[in-house]
Amino acid sequence: MTTTSRPLHRIARRSLLALGGAMLAVPAWAQADWPGGKLITWVVPYPAGGSTDVLGRNIAQRLGPALGTNVIVDNKAGATGTIGAAFVAKAQPDGFTLLGTSIGPQAIAPHLMAKLPYDHITAFEPVVTVGTIPHILVVGANQPVKNVADLLAAAKAQPGKLAFASGGNGTILQMQGELLQQQTGARFIHVPYKGDTPALQDTLAEQVQFMFAPAAAALPHVQAGKLRALAVTSAQRLKPLPAVPTMGEAGLKDFVVEQWQAVFAPAKTPAAVVQRLNHEINKTLKDPAVVALADKLGVTLVGGTPQQLGDLQKADSAKWAKVIKDGNIQAD
């Protein structure tokens with residue numbers, strides 16, 4: 001009896017130890033009760049209908065079932081996205097209020113606005129980078145310039161005469177025009193519009209000479225021969241435009257600009273909750289329906305870790321802070 005009980009006892013003990021080790025291997029978020037069926041609010045700091053809103057809603061629709069709850073989208077637009085960002089910054093850090101936003105409120109606007117009710121870095125926990133939107137440097141089809149070198153030569157021959165359009169003061173579209181001036185010494189006139197669409201319309205009508213346009217908006221006009229693409233701002237050439245060089249290939253090696261979209265939570269949100277959100281959103285970004293929608297919107301899906309998003313935000317914040325200071329750029 002004794003000789004058989006000891007081995008069984010040792011076997012049972014080893015089994016319990018193995019089970020304990022397996023439990024330790026399970027991520028902390030997998031053992032937590034969060035969200036416990038409680039509603040999650042996904043704040044979009046822009047009006048409904050834009051790419052950040054449309055893609056965010058699509059992700060939120062799939063995120064809810066993955067978490068065993070519902071995720072509703074709440075549009076809190078205004079002040080270049082900082083109203084919605086401020087709302088989330090002040091929310092309880094419990095994982096039930098998220099910010100689905102873009103580069104503007106998190107890396108550009110804070111350097112343009114004299115006072116914000118939050119710090120764009122310390123008031124948030126990065127969750128995940130959703131994707132990036134490349135831009136295309138375009139001119140009207142009848143413009144004499146054929147490439148970036150031609151555009152710069154024309155600008156230097158007529159300082160302050162050529163105009164570029166943007167969707168408004170402080171937008172990523174304006175920032176690229178300012179960056180082009182600072183990197184090349186060329187001087188342009190900035191013409192801000194109330195949105196990207198009217199800016200693109202006047203570029204098509206050749207009321208202005210050029211603009212940096214979101215790829216999805218500009219591509220149909222380029223393919224139809226109504227706009228000429230001089231270069232793309234991404235690190236790699238775009239698949240639909242294999243003959244169009246990057247800005248680096250066009251001679252501006254440090255000119256890489258991609259408008260990112262990302263998810264943030266209020267600062268001090270528990271790390272286990274952030275990791276759970278990161279895990280589930282990364283899975284959602286691989287959903288074929290989400291991939292198809294992103295392609296339609298001109299968004300390159302990214303994913304990755306919270307740390308990678310945090311590093312990206314800090315790098316772009318420093319980059320655009322310098323451009324804004326050197327260009328003495330003011331918000332409306």
# chains A, B, ... in the order shown; residues from 1 in each chain; ligands from 1
$ residues_around --residues "stretch 171-188 of chain A" --least-positions-apart "3" --cutoff "6 Å" --atoms "only C-alpha atoms" --output "JSON, numbers by chain"
{"A": [155, 156, 159, 160, 162, 163, 166, 168, 212]}
$ residues_around --residues "A:Ile40" --least-positions-apart "2" --cutoff "8 Å" --atoms "only C-alpha atoms" --output "list in words"
Lys38, Trp42, Thr69, Asn70, Val71, Ile72, Gly95, Phe96, Thr97 and Leu98 of chain A
$ closest_residue --among "A:Lys286, A:His111, A:Arg228, A:Lys253" --to "A:Val145" --atoms "only C-alpha atoms"
A:Arg228
$ closest_atom_pairs --of "stretch 95-208 of chain A" --to "stretch 310-314 of chain A" --cutoff "10 Å" --atoms "only C-alpha atoms" --output "CSV"
residue,atom,partner,partner_atom,distance
A:Ile103,CA,A:Gln313,CA,7.7
A:Gln106,CA,A:Gln313,CA,7.0
A:Ala107,CA,A:Gln313,CA,6.3
A:Ile108,CA,A:Gln313,CA,9.9
A:His120,CA,A:Gln313,CA,9.3
A:Ile121,CA,A:Lys314,CA,7.4
A:Phe124,CA,A:Gly310,CA,9.5
A:Glu125,CA,A:Gly310,CA,8.1
A:Pro126,CA,A:Gly310,CA,5.6
A:Val127,CA,A:Gly310,CA,8.4
A:Val128,CA,A:Gly310,CA,8.7
A:Thr129,CA,A:Leu312,CA,8.9
$ write_last_selection --atoms "N, CA, C and O atoms" --output "PDB file, in the first residue's frame"
ATOM      1  N   ILE A 103      -2.986  61.110 -36.503  1.00  0.00           N
ATOM      2  CA  ILE A 103      -1.764  61.831 -36.163  1.00  0.00           C
ATOM      3  C   ILE A 103      -2.020  63.266 -35.700  1.00  0.00           C
ATOM      4  O   ILE A 103      -1.300  63.784 -34.849  1.00  0.00           O
ATOM      5  N   GLN A 106      -2.686  63.960 -31.895  1.00  0.00           N
ATOM      6  CA  GLN A 106      -1.700  63.293 -31.053  1.00  0.00           C
ATOM      7  C   GLN A 106      -0.252  63.691 -31.348  1.00  0.00           C
ATOM      8  O   GLN A 106       0.644  63.330 -30.585  1.00  0.00           O
ATOM      9  N   ALA A 107      -0.015  64.423 -32.442  1.00  0.00           N
ATOM     10  CA  ALA A 107       1.374  64.761 -32.754  1.00  0.00           C
ATOM     11  C   ALA A 107       1.560  66.125 -33.414  1.00  0.00           C
ATOM     12  O   ALA A 107       2.685  66.625 -33.455  1.00  0.00           O
ATOM     13  N   ILE A 108       0.482  66.734 -33.924  1.00  0.00           N
ATOM     14  CA  ILE A 108       0.606  68.015 -34.623  1.00  0.00           C
ATOM     15  C   ILE A 108      -0.091  69.149 -33.875  1.00  0.00           C
ATOM     16  O   ILE A 108       0.541  70.149 -33.512  1.00  0.00           O
ATOM     17  N   HIS A 120      -0.479  65.534 -24.706  1.00  0.00           N
ATOM     18  CA  HIS A 120      -0.788  64.529 -25.730  1.00  0.00           C
ATOM     19  C   HIS A 120       0.041  63.256 -25.589  1.00  0.00           C
ATOM     20  O   HIS A 120      -0.331  62.225 -26.145  1.00  0.00           O
ATOM     21  N   ILE A 121       1.124  63.308 -24.829  1.00  0.00           N
ATOM     22  CA  ILE A 121       1.946  62.113 -24.604  1.00  0.00           C
ATOM     23  C   ILE A 121       1.580  61.434 -23.286  1.00  0.00           C
ATOM     24  O   ILE A 121       1.238  60.250 -23.251  1.00  0.00           O
ATOM     25  N   PHE A 124      -2.157  59.640 -22.175  1.00  0.00           N
ATOM     26  CA  PHE A 124      -2.700  58.477 -22.860  1.00  0.00           C
ATOM     27  C   PHE A 124      -1.794  57.254 -22.728  1.00  0.00           C
ATOM     28  O   PHE A 124      -0.581  57.376 -22.551  1.00  0.00           O
ATOM     29  N   GLU A 125      -2.429  56.100 -22.853  1.00  0.00           N
ATOM     30  CA  GLU A 125      -1.716  54.833 -22.997  1.00  0.00           C
ATOM     31  C   GLU A 125      -1.856  54.398 -24.452  1.00  0.00           C
ATOM     32  O   GLU A 125      -2.979  54.211 -24.937  1.00  0.00           O
ATOM     33  N   PRO A 126      -0.767  54.268 -25.194  1.00  0.00           N
ATOM     34  CA  PRO A 126      -0.869  53.757 -26.565  1.00  0.00           C
ATOM     35  C   PRO A 126      -1.395  52.326 -26.546  1.00  0.00           C
ATOM     36  O   PRO A 126      -1.001  51.531 -25.698  1.00  0.00           O
ATOM     37  N   VAL A 127      -2.295  52.013 -27.468  1.00  0.00           N
ATOM     38  CA  VAL A 127      -2.845  50.655 -27.566  1.00  0.00           C
ATOM     39  C   VAL A 127      -2.330  49.955 -28.821  1.00  0.00           C
ATOM     40  O   VAL A 127      -1.672  48.919 -28.737  1.00  0.00           O
ATOM     41  N   VAL A 128      -2.595  50.539 -29.989  1.00  0.00           N
ATOM     42  CA  VAL A 128      -2.165  49.886 -31.225  1.00  0.00           C
ATOM     43  C   VAL A 128      -2.250  50.870 -32.391  1.00  0.00           C
ATOM     44  O   VAL A 128      -3.121  51.737 -32.425  1.00  0.00           O
ATOM     45  N   THR A 129      -1.334  50.742 -33.330  1.00  0.00           N
ATOM     46  CA  THR A 129      -1.396  51.496 -34.578  1.00  0.00           C
ATOM     47  C   THR A 129      -2.342  50.757 -35.525  1.00  0.00           C
ATOM     48  O   THR A 129      -2.122  49.584 -35.826  1.00  0.00           O
TER      49      THR A 129
END
$ atom_distance --atom1 "atom CA of A:Val273" --atom2 "atom CA of A:Trp34"
7.3 Å
$ select_by_dssp --residues "stretch 10-204 of chain A" --states "helix (DSSP H, G or I)" --output "VMD selection string"
chain A and resid 10 to 25 28 to 31 51 to 67 79 to 89 103 to 111 148 to 157 172 to 184 196 to 204
$ residues_around --residues "stretch 148-150 of chain A" --least-positions-apart "2" --cutoff "10 Å" --atoms "only C-alpha atoms" --output "list in words"
Leu137, Val138, Pro144, Val145, Lys146, Leu152, Ala153, Ala154, Ala155, Lys156, Ala229, Leu230, Ala231, Pro245, Met247, Ala250, Gly251 and Leu252 of chain A
$ write_last_selection --atoms "all heavy atoms" --output "short mmCIF file (atom, residue, chain, number, x, y, z; two decimals), in the first residue's frame"
data_model
loop_
_atom_site.label_atom_id
_atom_site.label_comp_id
_atom_site.auth_asym_id
_atom_site.auth_seq_id
_atom_site.Cartn_x
_atom_site.Cartn_y
_atom_site.Cartn_z
N LEU A 137 2.08 63.67 -54.02
CA LEU A 137 2.32 65.05 -54.46
C LEU A 137 1.78 65.16 -55.88
O LEU A 137 2.30 64.52 -56.80
CB LEU A 137 3.82 65.37 -54.41
CG LEU A 137 4.26 66.71 -55.00
CD1 LEU A 137 3.51 67.88 -54.38
CD2 LEU A 137 5.77 66.89 -54.83
N VAL A 138 0.71 65.94 -56.07
CA VAL A 138 0.05 66.01 -57.37
C VAL A 138 -0.02 67.44 -57.88
O VAL A 138 -0.07 68.41 -57.11
CB VAL A 138 -1.39 65.43 -57.30
CG1 VAL A 138 -1.36 63.94 -57.02
CG2 VAL A 138 -2.24 66.17 -56.27
N PRO A 144 3.07 72.63 -66.28
CA PRO A 144 4.26 72.30 -67.06
C PRO A 144 5.25 71.38 -66.33
O PRO A 144 6.12 70.79 -66.97
CB PRO A 144 4.89 73.67 -67.34
CG PRO A 144 4.41 74.55 -66.22
CD PRO A 144 3.03 74.06 -65.90
N VAL A 145 5.15 71.27 -65.01
CA VAL A 145 6.13 70.47 -64.26
C VAL A 145 5.85 68.99 -64.44
O VAL A 145 4.70 68.55 -64.41
CB VAL A 145 6.14 70.85 -62.76
CG1 VAL A 145 6.53 72.31 -62.59
CG2 VAL A 145 4.80 70.59 -62.11
N LYS A 146 6.91 68.22 -64.64
CA LYS A 146 6.79 66.78 -64.87
C LYS A 146 7.27 65.94 -63.69
O LYS A 146 6.99 64.75 -63.62
CB LYS A 146 7.58 66.38 -66.12
CG LYS A 146 7.20 67.15 -67.37
CD LYS A 146 5.75 66.92 -67.77
CE LYS A 146 5.42 67.65 -69.08
NZ LYS A 146 4.00 67.51 -69.46
N LEU A 152 10.44 72.26 -58.01
CA LEU A 152 11.35 73.04 -57.18
C LEU A 152 12.05 74.12 -58.02
O LEU A 152 12.26 75.25 -57.55
CB LEU A 152 12.37 72.13 -56.51
CG LEU A 152 11.80 71.11 -55.51
CD1 LEU A 152 12.88 70.20 -54.98
CD2 LEU A 152 11.07 71.83 -54.37
N ALA A 153 12.40 73.78 -59.24
CA ALA A 153 13.05 74.77 -60.12
C ALA A 153 12.10 75.92 -60.43
O ALA A 153 12.49 77.10 -60.41
CB ALA A 153 13.50 74.09 -61.41
N ALA A 154 10.83 75.59 -60.68
CA ALA A 154 9.84 76.63 -60.96
C ALA A 154 9.62 77.52 -59.74
O ALA A 154 9.48 78.74 -59.86
CB ALA A 154 8.52 75.98 -61.38
N ALA A 155 9.60 76.90 -58.56
CA ALA A 155 9.41 77.67 -57.32
C ALA A 155 10.58 78.61 -57.06
O ALA A 155 10.40 79.75 -56.63
CB ALA A 155 9.21 76.72 -56.14
N LYS A 156 11.79 78.14 -57.30
CA LYS A 156 12.96 78.97 -57.05
C LYS A 156 13.12 80.08 -58.09
O LYS A 156 13.70 81.12 -57.82
CB LYS A 156 14.21 78.08 -57.00
CG LYS A 156 14.22 77.18 -55.76
CD LYS A 156 15.42 76.25 -55.69
CE LYS A 156 15.36 75.40 -54.43
NZ LYS A 156 16.49 74.46 -54.32
N ALA A 229 0.89 62.72 -60.92
CA ALA A 229 1.57 62.36 -59.67
C ALA A 229 3.06 62.55 -59.84
O ALA A 229 3.68 61.95 -60.73
CB ALA A 229 1.25 60.91 -59.31
N LEU A 230 3.65 63.39 -58.99
CA LEU A 230 5.09 63.64 -59.06
C LEU A 230 5.88 62.70 -58.15
O LEU A 230 7.00 62.31 -58.49
CB LEU A 230 5.40 65.09 -58.68
CG LEU A 230 4.68 66.19 -59.47
CD1 LEU A 230 5.22 67.56 -59.05
CD2 LEU A 230 4.85 65.99 -60.97
N ALA A 231 5.29 62.36 -56.99
CA ALA A 231 5.98 61.48 -56.03
C ALA A 231 5.00 61.06 -54.95
O ALA A 231 3.94 61.67 -54.78
CB ALA A 231 7.18 62.19 -55.41
N PRO A 245 7.85 57.73 -58.31
CA PRO A 245 8.89 57.56 -57.29
C PRO A 245 8.45 58.03 -55.92
O PRO A 245 7.48 58.77 -55.77
CB PRO A 245 10.02 58.45 -57.81
CG PRO A 245 9.30 59.54 -58.56
CD PRO A 245 8.13 58.86 -59.21
N MET A 247 9.39 60.28 -52.51
CA MET A 247 10.07 61.58 -52.37
C MET A 247 11.57 61.35 -52.20
O MET A 247 12.39 62.14 -52.69
CB MET A 247 9.51 62.35 -51.17
CG MET A 247 8.07 62.81 -51.36
SD MET A 247 7.88 64.11 -52.61
CE MET A 247 8.51 65.55 -51.72
N ALA A 250 13.07 60.86 -55.41
CA ALA A 250 13.05 62.11 -56.16
C ALA A 250 14.10 63.10 -55.66
O ALA A 250 14.18 64.22 -56.16
CB ALA A 250 11.67 62.74 -56.08
N GLY A 251 14.89 62.68 -54.67
CA GLY A 251 15.99 63.52 -54.21
C GLY A 251 15.87 64.04 -52.79
O GLY A 251 16.80 64.67 -52.29
N LEU A 252 14.74 63.80 -52.12
CA LEU A 252 14.56 64.27 -50.75
C LEU A 252 14.57 63.06 -49.82
O LEU A 252 13.53 62.52 -49.44
CB LEU A 252 13.24 65.05 -50.61
CG LEU A 252 13.25 66.46 -51.19
CD1 LEU A 252 13.09 66.42 -52.71
CD2 LEU A 252 12.13 67.31 -50.61
#
$ atom_distance --atom1 "atom CA of A:Ala224" --atom2 "atom CA of A:Gly167"
22.4 Å
$ residues_around --residues "A:Pro198" --least-positions-apart "3" --cutoff "12 Å" --atoms "only C-alpha atoms" --output "MDAnalysis selection string"
chainID A and resid 165:168 191:195 201:205 207:208 211 213 217
$ write_last_selection --atoms "N, CA and C atoms" --output "PDB file, in the first residue's frame"
ATOM      1  N   ALA A 165      -2.296  73.754 -51.980  1.00  0.00           N
ATOM      2  CA  ALA A 165      -3.547  73.658 -51.229  1.00  0.00           C
ATOM      3  C   ALA A 165      -3.413  72.670 -50.081  1.00  0.00           C
ATOM      4  N   SER A 166      -4.226  72.889 -49.065  1.00  0.00           N
ATOM      5  CA  SER A 166      -4.320  71.912 -47.973  1.00  0.00           C
ATOM      6  C   SER A 166      -5.741  71.919 -47.453  1.00  0.00           C
ATOM      7  N   GLY A 167      -6.053  70.950 -46.617  1.00  0.00           N
ATOM      8  CA  GLY A 167      -7.379  70.865 -46.018  1.00  0.00           C
ATOM      9  C   GLY A 167      -7.578  71.785 -44.840  1.00  0.00           C
ATOM     10  N   GLY A 168      -6.620  72.679 -44.580  1.00  0.00           N
ATOM     11  CA  GLY A 168      -6.754  73.628 -43.485  1.00  0.00           C
ATOM     12  C   GLY A 168      -5.449  73.846 -42.747  1.00  0.00           C
ATOM     13  N   VAL A 191      -2.433  77.797 -49.340  1.00  0.00           N
ATOM     14  CA  VAL A 191      -3.854  78.154 -49.478  1.00  0.00           C
ATOM     15  C   VAL A 191      -4.682  77.110 -48.724  1.00  0.00           C
ATOM     16  N   PRO A 192      -5.130  77.443 -47.512  1.00  0.00           N
ATOM     17  CA  PRO A 192      -5.916  76.472 -46.730  1.00  0.00           C
ATOM     18  C   PRO A 192      -7.384  76.457 -47.145  1.00  0.00           C
ATOM     19  N   TYR A 193      -7.964  75.265 -47.164  1.00  0.00           N
ATOM     20  CA  TYR A 193      -9.384  75.099 -47.475  1.00  0.00           C
ATOM     21  C   TYR A 193     -10.070  74.469 -46.269  1.00  0.00           C
ATOM     22  N   LYS A 194     -11.382  74.446 -46.304  1.00  0.00           N
ATOM     23  CA  LYS A 194     -12.144  73.815 -45.231  1.00  0.00           C
ATOM     24  C   LYS A 194     -12.367  72.347 -45.573  1.00  0.00           C
ATOM     25  N   GLY A 195     -11.287  71.594 -45.579  1.00  0.00           N
ATOM     26  CA  GLY A 195     -11.366  70.174 -45.874  1.00  0.00           C
ATOM     27  C   GLY A 195     -10.525  69.793 -47.078  1.00  0.00           C
ATOM     28  N   GLN A 201     -10.344  69.733 -55.276  1.00  0.00           N
ATOM     29  CA  GLN A 201     -11.126  70.267 -56.401  1.00  0.00           C
ATOM     30  C   GLN A 201     -10.418  71.454 -57.049  1.00  0.00           C
ATOM     31  N   ASP A 202      -9.851  72.330 -56.225  1.00  0.00           N
ATOM     32  CA  ASP A 202      -9.157  73.492 -56.795  1.00  0.00           C
ATOM     33  C   ASP A 202      -7.809  73.117 -57.396  1.00  0.00           C
ATOM     34  N   THR A 203      -7.227  72.037 -56.921  1.00  0.00           N
ATOM     35  CA  THR A 203      -5.999  71.546 -57.560  1.00  0.00           C
ATOM     36  C   THR A 203      -6.342  70.972 -58.930  1.00  0.00           C
ATOM     37  N   LEU A 204      -7.439  70.259 -59.011  1.00  0.00           N
ATOM     38  CA  LEU A 204      -7.923  69.745 -60.297  1.00  0.00           C
ATOM     39  C   LEU A 204      -8.228  70.891 -61.266  1.00  0.00           C
ATOM     40  N   ALA A 205      -8.824  71.960 -60.740  1.00  0.00           N
ATOM     41  CA  ALA A 205      -9.178  73.113 -61.570  1.00  0.00           C
ATOM     42  C   ALA A 205      -7.973  74.016 -61.839  1.00  0.00           C
ATOM     43  N   GLN A 207      -6.506  76.033 -59.849  1.00  0.00           N
ATOM     44  CA  GLN A 207      -6.540  77.311 -59.142  1.00  0.00           C
ATOM     45  C   GLN A 207      -5.316  77.440 -58.236  1.00  0.00           C
ATOM     46  N   VAL A 208      -4.762  76.305 -57.867  1.00  0.00           N
ATOM     47  CA  VAL A 208      -3.482  76.237 -57.150  1.00  0.00           C
ATOM     48  C   VAL A 208      -2.592  75.277 -57.928  1.00  0.00           C
ATOM     49  N   MET A 211      -0.645  70.033 -54.495  1.00  0.00           N
ATOM     50  CA  MET A 211      -0.989  69.703 -53.117  1.00  0.00           C
ATOM     51  C   MET A 211      -0.481  68.302 -52.806  1.00  0.00           C
ATOM     52  N   ALA A 213      -1.955  65.135 -51.474  1.00  0.00           N
ATOM     53  CA  ALA A 213      -3.311  64.621 -51.326  1.00  0.00           C
ATOM     54  C   ALA A 213      -3.292  63.188 -50.800  1.00  0.00           C
ATOM     55  N   ALA A 217      -7.941  59.525 -52.279  1.00  0.00           N
ATOM     56  CA  ALA A 217      -8.689  60.613 -52.915  1.00  0.00           C
ATOM     57  C   ALA A 217      -8.075  61.007 -54.248  1.00  0.00           C
TER      58      ALA A 217
END
$ atom_distance --atom1 "atom CA of A:Thr80" --atom2 "atom CA of A:Gln61"
25.2 Å
$ residues_around --residues "A:Val256" --least-positions-apart "2" --cutoff "10 Å" --atoms "only C-alpha atoms" --output "list in words"
Pro134, His135, Gln176, Val232, Thr233, Ser234, Ala235, Gln236, Thr246, Met247, Gly248, Leu252, Lys253, Asp254 and Glu258 of chain A
$ residues_around --residues "A:Gly100" --least-positions-apart "6" --cutoff "7 Å" --atoms "only C-alpha atoms" --output "list in words"
Trp42, Val43, Val44, Gly56, Ala262, Val263 and Phe264 of chain A
$ select_by_dssp --residues "stretch 77-303 of chain A" --states "strand (DSSP E or B)" --output "JSON, numbers by chain"
{"A": [97, 98, 99, 100, 101, 102, 124, 125, 126, 127, 128, 129, 130, 131, 132, 133, 135, 136, 137, 138, 139, 140, 163, 164, 165, 166, 189, 190, 191, 192, 210, 211, 212, 213, 214, 227, 228, 229, 230, 231, 232, 246, 259, 260, 261, 262, 263, 264, 265, 266, 300, 301]}
$ write_last_selection --atoms "N, CA and C atoms" --output "short mmCIF file (atom, residue, chain, number, x, y, z; two decimals), in the first residue's frame"
data_model
loop_
_atom_site.label_atom_id
_atom_site.label_comp_id
_atom_site.auth_asym_id
_atom_site.auth_seq_id
_atom_site.Cartn_x
_atom_site.Cartn_y
_atom_site.Cartn_z
N THR A 97 -13.34 53.52 -22.13
CA THR A 97 -13.36 54.68 -23.03
C THR A 97 -12.06 54.67 -23.83
N LEU A 98 -12.18 54.60 -25.15
CA LEU A 98 -11.02 54.54 -26.03
C LEU A 98 -11.04 55.71 -27.01
N LEU A 99 -9.89 56.05 -27.54
CA LEU A 99 -9.76 57.10 -28.54
C LEU A 99 -9.27 56.48 -29.84
N GLY A 100 -10.13 56.51 -30.87
CA GLY A 100 -9.72 56.06 -32.20
C GLY A 100 -9.43 57.28 -33.03
N THR A 101 -8.17 57.61 -33.19
CA THR A 101 -7.80 58.93 -33.69
C THR A 101 -6.73 58.84 -34.78
N SER A 102 -6.12 59.99 -35.10
CA SER A 102 -5.08 60.03 -36.11
C SER A 102 -3.92 60.90 -35.63
N PHE A 124 -2.16 59.64 -22.17
CA PHE A 124 -2.70 58.48 -22.86
C PHE A 124 -1.79 57.25 -22.73
N GLU A 125 -2.43 56.10 -22.85
CA GLU A 125 -1.72 54.83 -23.00
C GLU A 125 -1.86 54.40 -24.45
N PRO A 126 -0.77 54.27 -25.19
CA PRO A 126 -0.87 53.76 -26.57
C PRO A 126 -1.40 52.33 -26.55
N VAL A 127 -2.29 52.01 -27.47
CA VAL A 127 -2.85 50.66 -27.57
C VAL A 127 -2.33 49.95 -28.82
N VAL A 128 -2.59 50.54 -29.99
CA VAL A 128 -2.17 49.89 -31.22
C VAL A 128 -2.25 50.87 -32.39
N THR A 129 -1.33 50.74 -33.33
CA THR A 129 -1.40 51.50 -34.58
C THR A 129 -2.34 50.76 -35.52
N VAL A 130 -3.37 51.43 -35.98
CA VAL A 130 -4.33 50.80 -36.89
C VAL A 130 -3.75 50.74 -38.30
N GLY A 131 -3.28 51.87 -38.80
CA GLY A 131 -2.74 51.87 -40.16
C GLY A 131 -2.17 53.22 -40.54
N THR A 132 -1.68 53.30 -41.75
CA THR A 132 -1.11 54.55 -42.26
C THR A 132 -1.74 54.89 -43.60
N ILE A 133 -1.78 56.20 -43.90
CA ILE A 133 -2.31 56.68 -45.17
C ILE A 133 -1.19 57.42 -45.89
N HIS A 135 0.48 59.72 -48.95
CA HIS A 135 0.01 60.86 -49.73
C HIS A 135 0.75 60.92 -51.06
N ILE A 136 0.15 61.63 -51.99
CA ILE A 136 0.74 61.79 -53.32
C ILE A 136 0.90 63.28 -53.60
N LEU A 137 2.08 63.67 -54.02
CA LEU A 137 2.32 65.05 -54.46
C LEU A 137 1.78 65.16 -55.88
N VAL A 138 0.71 65.94 -56.07
CA VAL A 138 0.05 66.01 -57.37
C VAL A 138 -0.02 67.44 -57.88
N VAL A 139 -0.05 67.55 -59.21
CA VAL A 139 -0.27 68.82 -59.89
C VAL A 139 -1.36 68.60 -60.93
N GLY A 140 -1.96 69.70 -61.39
CA GLY A 140 -2.95 69.59 -62.45
C GLY A 140 -2.30 69.04 -63.72
N ALA A 163 1.44 78.22 -55.54
CA ALA A 163 0.59 77.98 -54.38
C ALA A 163 0.30 76.49 -54.21
N PHE A 164 0.23 76.07 -52.95
CA PHE A 164 -0.18 74.69 -52.67
C PHE A 164 -1.41 74.71 -51.76
N ALA A 165 -2.30 73.75 -51.98
CA ALA A 165 -3.55 73.66 -51.23
C ALA A 165 -3.41 72.67 -50.08
N SER A 166 -4.23 72.89 -49.06
CA SER A 166 -4.32 71.91 -47.97
C SER A 166 -5.74 71.92 -47.45
N ILE A 189 3.18 79.60 -51.58
CA ILE A 189 2.05 80.21 -50.89
C ILE A 189 1.13 79.08 -50.42
N HIS A 190 0.79 79.09 -49.14
CA HIS A 190 -0.13 78.08 -48.61
C HIS A 190 -1.56 78.60 -48.72
N VAL A 191 -2.43 77.80 -49.34
CA VAL A 191 -3.85 78.15 -49.48
C VAL A 191 -4.68 77.11 -48.72
N PRO A 192 -5.13 77.44 -47.51
CA PRO A 192 -5.92 76.47 -46.73
C PRO A 192 -7.38 76.46 -47.15
N PHE A 210 -0.27 72.88 -56.76
CA PHE A 210 -0.06 71.50 -56.31
C PHE A 210 -0.61 71.29 -54.92
N MET A 211 -0.65 70.03 -54.50
CA MET A 211 -0.99 69.70 -53.12
C MET A 211 -0.48 68.30 -52.81
N PHE A 212 -0.36 68.02 -51.52
CA PHE A 212 -0.11 66.66 -51.05
C PHE A 212 -1.48 66.10 -50.70
N ALA A 213 -1.95 65.14 -51.47
CA ALA A 213 -3.31 64.62 -51.33
C ALA A 213 -3.29 63.19 -50.80
N PRO A 214 -4.27 62.83 -49.95
CA PRO A 214 -4.38 61.42 -49.54
C PRO A 214 -4.49 60.53 -50.77
N LEU A 227 -4.92 64.51 -62.96
CA LEU A 227 -3.83 64.97 -62.10
C LEU A 227 -2.56 64.21 -62.49
N ARG A 228 -1.42 64.87 -62.27
CA ARG A 228 -0.14 64.20 -62.51
C ARG A 228 0.51 63.95 -61.16
N ALA A 229 0.89 62.72 -60.92
CA ALA A 229 1.57 62.36 -59.67
C ALA A 229 3.06 62.55 -59.84
N LEU A 230 3.65 63.39 -58.99
CA LEU A 230 5.09 63.64 -59.06
C LEU A 230 5.88 62.70 -58.15
N ALA A 231 5.29 62.36 -56.99
CA ALA A 231 5.98 61.48 -56.03
C ALA A 231 5.00 61.06 -54.95
N VAL A 232 5.36 60.01 -54.23
CA VAL A 232 4.57 59.56 -53.08
C VAL A 232 5.38 59.79 -51.82
N THR A 246 9.16 57.59 -54.91
CA THR A 246 8.99 58.14 -53.57
C THR A 246 9.69 59.50 -53.54
N GLN A 259 0.31 59.41 -42.74
CA GLN A 259 -0.72 59.83 -41.79
C GLN A 259 -1.28 58.61 -41.08
N TRP A 260 -0.90 58.42 -39.80
CA TRP A 260 -1.31 57.20 -39.14
C TRP A 260 -2.63 57.36 -38.38
N GLN A 261 -3.30 56.24 -38.21
CA GLN A 261 -4.48 56.12 -37.37
C GLN A 261 -4.15 55.14 -36.25
N ALA A 262 -4.68 55.40 -35.06
CA ALA A 262 -4.29 54.57 -33.92
C ALA A 262 -5.35 54.61 -32.83
N VAL A 263 -5.18 53.74 -31.85
CA VAL A 263 -6.08 53.66 -30.70
C VAL A 263 -5.29 53.94 -29.44
N PHE A 264 -5.87 54.81 -28.60
CA PHE A 264 -5.26 55.15 -27.31
C PHE A 264 -6.31 54.97 -26.21
N ALA A 265 -5.82 54.77 -24.99
CA ALA A 265 -6.67 54.71 -23.80
C ALA A 265 -6.19 55.78 -22.83
N PRO A 266 -6.99 56.16 -21.84
CA PRO A 266 -6.52 57.14 -20.86
C PRO A 266 -5.29 56.63 -20.11
N THR A 300 -3.12 51.53 -45.19
CA THR A 300 -2.28 50.34 -45.07
C THR A 300 -2.32 49.89 -43.61
N LEU A 301 -2.93 48.75 -43.33
CA LEU A 301 -3.05 48.28 -41.95
C LEU A 301 -1.69 47.92 -41.38
#
$ closest_residue --among "A:Leu277, A:Ala218, A:Ala267, A:Ala66" --to "A:Gly298" --atoms "only C-alpha atoms"
A:Ala218
$ residues_around --residues "A:Val290" --least-positions-apart "3" --cutoff "10 Å" --atoms "only C-alpha atoms" --output "list in words"
Leu55, Gly56, Asn58, Ile59, Arg62, Thr284, Leu285, Lys286, Asp287, Leu293, Ala294, Asp295, Lys296 and Leu301 of chain A
$ closest_residue --among "A:Pro110, A:Ser51, A:Ala216, A:Leu116" --to "A:Ala318" --atoms "only C-alpha atoms"
A:Pro110
$ closest_residue --among "A:Ala321, A:Ala109, A:Ile281, A:Ala141" --to "A:Glu206" --atoms "only C-alpha atoms"
A:Ala141
